[in-house]
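> my_file29.tsv is reproduced in full below (TSV, C-alpha atoms and all ligand atoms).
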```
chain	number	residue	atom	x	y	z
Y	7	MET	CA	-7.34	3.34	-15.85
Y	8	ALA	CA	-6.53	-0.19	-14.83
Y	9	GLN	CA	-6.76	-0.93	-11.15
Y	10	LYS	CA	-4.53	-3.07	-9.01
Y	11	ARG	CA	-6.37	-4.21	-5.91
Y	12	PHE	CA	-4.53	-4.93	-2.71
Y	13	ASP	CA	-6.41	-6.80	0.01
Y	14	ARG	CA	-6.38	-5.85	3.67
Y	15	ALA	CA	-4.02	-7.93	5.80
Y	16	PRO	CA	-5.63	-9.77	8.73
Y	17	ASN	CA	-5.66	-7.71	11.92
Y	18	ASP	CA	-3.41	-10.12	13.77
Y	19	GLU	CA	-0.69	-9.90	11.13
Y	20	LYS	CA	1.97	-7.30	11.83
Y	21	TRP	CA	3.13	-7.17	8.22
Y	22	PRO	CA	1.16	-7.46	4.99
Y	23	ALA	CA	1.75	-10.44	2.74
Y	24	CYS	CA	2.37	-10.00	-0.98
Y	25	GLY	CA	-0.64	-8.30	-2.52
Y	26	GLN	CA	-1.87	-7.03	0.84
Y	27	TRP	CA	-1.85	-3.73	2.72
Y	28	LYS	CA	-1.86	-2.82	6.38
Y	29	ARG	CA	-2.97	0.40	8.08
Y	30	VAL	CA	-0.23	2.34	9.86
Y	31	LYS	CA	-0.39	5.24	12.31
Y	32	MET	CA	2.53	7.60	11.96
Y	33	PHE	CA	4.26	9.43	14.81
Y	34	ASP	CA	2.22	12.53	14.01
Y	35	ASP	CA	-1.05	10.53	14.17
Y	36	THR	CA	-1.67	10.61	10.44
Y	37	ILE	CA	-3.00	7.36	9.04
Y	38	THR	CA	-1.36	5.75	6.07
Y	39	ALA	CA	-0.67	2.25	4.83
Y	40	ARG	CA	2.17	-0.05	4.04
Y	41	LEU	CA	1.96	-2.59	1.30
Y	42	LYS	CA	4.15	-5.39	0.16
Y	43	CYS	CA	5.72	-5.18	-3.26
Y	44	PRO	CA	4.33	-8.11	-5.30
Y	45	GLU	CA	7.63	-8.50	-7.13
Y	46	CYS	CA	10.36	-8.37	-4.48
Y	47	GLY	CA	8.49	-8.51	-1.17
Y	48	CYS	CA	9.85	-5.18	0.02
Y	49	ILE	CA	7.52	-3.12	2.23
Y	50	ALA	CA	6.49	0.24	0.76
Y	51	LEU	CA	5.18	2.94	3.08
Y	52	LEU	CA	2.59	5.21	1.48
Y	53	ASN	CA	3.00	8.22	3.76
Y	54	ASP	CA	3.92	10.41	0.80
Y	55	HIS	CA	0.78	9.32	-1.10
Y	56	GLU	CA	-2.86	10.33	-1.00
Y	57	ILE	CA	-5.34	7.58	-0.16
Y	58	ALA	CA	-8.89	8.44	-1.21
Y	59	ALA	CA	-11.95	7.30	0.75
Y	60	GLY	CA	-12.46	4.48	-1.72
Y	61	GLY	CA	-8.89	3.30	-1.26
Y	62	ALA	CA	-7.43	4.70	-4.47
Y	63	VAL	CA	-3.76	5.63	-4.05
Y	64	THR	CA	-2.16	8.56	-5.85
Y	65	PRO	CA	0.36	9.11	-7.25
Y	66	SER	CA	1.49	5.74	-8.60
Y	67	VAL	CA	3.34	3.37	-6.30
Y	68	VAL	CA	7.04	2.77	-6.82
Y	69	CYS	CA	8.90	0.05	-4.95
Y	70	PRO	CA	11.44	1.64	-2.57
Y	71	ARG	CA	14.06	-0.96	-3.39
Y	72	PRO	CA	16.52	0.48	-5.92
Y	73	ASP	CA	17.02	-2.75	-7.86
Y	74	CYS	CA	13.29	-3.48	-8.16
Y	75	ASP	CA	11.45	-1.93	-11.09
Y	76	TYR	CA	7.93	-2.38	-9.70
Y	77	HIS	CA	5.90	0.70	-10.58
Y	78	GLU	CA	2.11	0.58	-10.58
Y	79	SER	CA	-0.55	3.17	-11.18
Y	80	GLY	CA	-4.15	2.62	-10.17
Y	81	VAL	CA	-3.39	0.93	-6.84
Y	82	VAL	CA	-6.55	0.47	-4.75
Y	83	LEU	CA	-6.54	-0.56	-1.10
Y	84	ALA	CA	-9.62	-2.77	-0.85
Y	85	GLY	CA	-11.58	-2.14	2.34
Y	86	TRP	CA	-9.67	1.01	3.25
Y	87	LEU	CA	-12.50	2.53	5.33
Y	88	ASP	CA	-13.92	-0.75	6.69
B	101	ZN	ZN	9.86	-4.37	-5.20
```
As structure tokens - that is how I would like this structure written.


Amino acid sequence: MAQKRFDRAPNDEKWPACGQWKRVKMFDDTITARLKCPECGCIALLNDHEIAAGGAVTPSVVCPRPDCDYHESGVVLAGWLD
């Protein structure tokens, strides 16, 4: 399966740039990530996704914006456990 790598946003950036992800701690202390849609710039929260140790995200990522058709399988968060 083709992979789409997202790079880790710099620690001092509050929001990821296009093609980047950022770690997020939820109110219940679970760890997830947000990433920026490469097509529309909308922020997608991955709290309803599984993120494997290697950074692979399942299921596929769909942009939360209704008028954006971004839909990608094989998303990988580079450096997820670093
Ligand atoms: Zn989008």

> How far is it from CA of Thr38 (chain Y) to CA of Asp54 (chain Y), in Å with one decimal?

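So the answer is 8.8 Å.
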
> Can you tell me which residues come within 6 Å of ligand ZN 101 (chain B) when counting only C-alpha atoms and all ligand atoms, ideally as a list in words?

Cys43, Glu45, Cys46, Gly47, Cys48, Cys69, Arg71, Cys74 and Tyr76 of chain Y

> Grab the residues selected above and save them as an mmCIF file, in the frame of the given file with C-alpha atoms.


```
data_model
loop_
_atom_site.group_PDB
_atom_site.id
_atom_site.type_symbol
_atom_site.label_atom_id
_atom_site.label_comp_id
_atom_site.auth_asym_id
_atom_site.auth_seq_id
_atom_site.Cartn_x
_atom_site.Cartn_y
_atom_site.Cartn_z
ATOM 1 C CA CYS Y 43 5.720 -5.180 -3.260
ATOM 2 C CA GLU Y 45 7.630 -8.500 -7.130
ATOM 3 C CA CYS Y 46 10.360 -8.370 -4.480
ATOM 4 C CA GLY Y 47 8.490 -8.510 -1.170
ATOM 5 C CA CYS Y 48 9.850 -5.180 0.020
ATOM 6 C CA CYS Y 69 8.900 0.050 -4.950
ATOM 7 C CA ARG Y 71 14.060 -0.960 -3.390
ATOM 8 C CA CYS Y 74 13.290 -3.480 -8.160
ATOM 9 C CA TYR Y 76 7.930 -2.380 -9.700
#
```

> Using only C-alpha atoms, find the one residue out of Y:Gln9, Y:Asn17, Y:Thr36, Y:Gln26 that sits nearest to Ala50 (chain Y).

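Of Y:Gln9, Y:Asn17, Y:Thr36, Y:Gln26, the one nearest Ala50 (chain Y), counting only C-alpha atoms, is Y:Gln26.
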
> Which residue is closest to Ser79 (chain Y)? Choose from Y:Lys20, Y:Arg11, Y:Lys31, Y:Lys42 and count all atoms listed in the file.

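Closest to Ser79 (chain Y), using all atoms listed in the file: Y:Arg11.
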
> Would you list the contacts of Ala59 (chain Y) as a list in words, taking every protein, DNA or RNA residue within 10 Å and counting only C-alpha atoms, but skipping same-chain residues closer than 6 positions in sequence?

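Selected residues are Leu83, Gly85, Trp86 and Leu87 of chain Y.
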
> Report as a short mmCIF file (atom, residue, chain, number, x, y, z; two decimals) with C-alpha atoms, in the frame of the given file all protein, DNA and RNA residues lying within 12 Å of Ile37 (chain Y), evaluated on only C-alpha atoms, omitting residues in the same chain fewer than 5 positions from it.


```cif
data_model
loop_
_atom_site.label_atom_id
_atom_site.label_comp_id
_atom_site.auth_asym_id
_atom_site.auth_seq_id
_atom_site.Cartn_x
_atom_site.Cartn_y
_atom_site.Cartn_z
CA LYS Y 28 -1.86 -2.82 6.38
CA ARG Y 29 -2.97 0.40 8.08
CA VAL Y 30 -0.23 2.34 9.86
CA LYS Y 31 -0.39 5.24 12.31
CA MET Y 32 2.53 7.60 11.96
CA LEU Y 51 5.18 2.94 3.08
CA LEU Y 52 2.59 5.21 1.48
CA ASN Y 53 3.00 8.22 3.76
CA ASP Y 54 3.92 10.41 0.80
CA HIS Y 55 0.78 9.32 -1.10
CA GLU Y 56 -2.86 10.33 -1.00
CA ILE Y 57 -5.34 7.58 -0.16
CA ALA Y 58 -8.89 8.44 -1.21
CA TRP Y 86 -9.67 1.01 3.25
CA LEU Y 87 -12.50 2.53 5.33
#
```

> So how far away is CA of Phe33 (chain Y) from CA of Val68 (chain Y), in Å?

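Computing it gives 22.8 Å between the two atoms.
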
> Could you please determine the separation between CA of Ala23 (chain Y) and CA of Thr64 (chain Y) in Å, to one decimal place?

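It comes out at 21.2 Å.
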
> Between Y:Asp88, Y:Asp73, Y:Glu78, Y:Asp34, single out the one closest to Ala8 (chain Y), counting only C-alpha atoms.

Y:Glu78

> So for region 11-28 of chain Y, what box centre and size do we get, axis-aligned, 3 Å extra on each of the six sides, every listed atom, Å to one decimal, as AutoDock Vina command-line options?


```
--center_x -1.6 --center_y -6.6 --center_z 3.9 --size_x 15.5 --size_y 13.6 --size_z 25.7
```

> Could you check which of Y:Ala84, Y:Ala62, Y:Ile49, Y:Val67 is closest to Pro22 (chain Y), using only C-alpha atoms?

Y:Ile49

> So, counting all atoms listed in the file, which residue among Y:Phe12, Y:Gly61, Y:Asp35, Y:Pro44 is closest to His77 (chain Y)?

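The shortest atom-to-atom distance to His77 (chain Y) comes from Y:Pro44.
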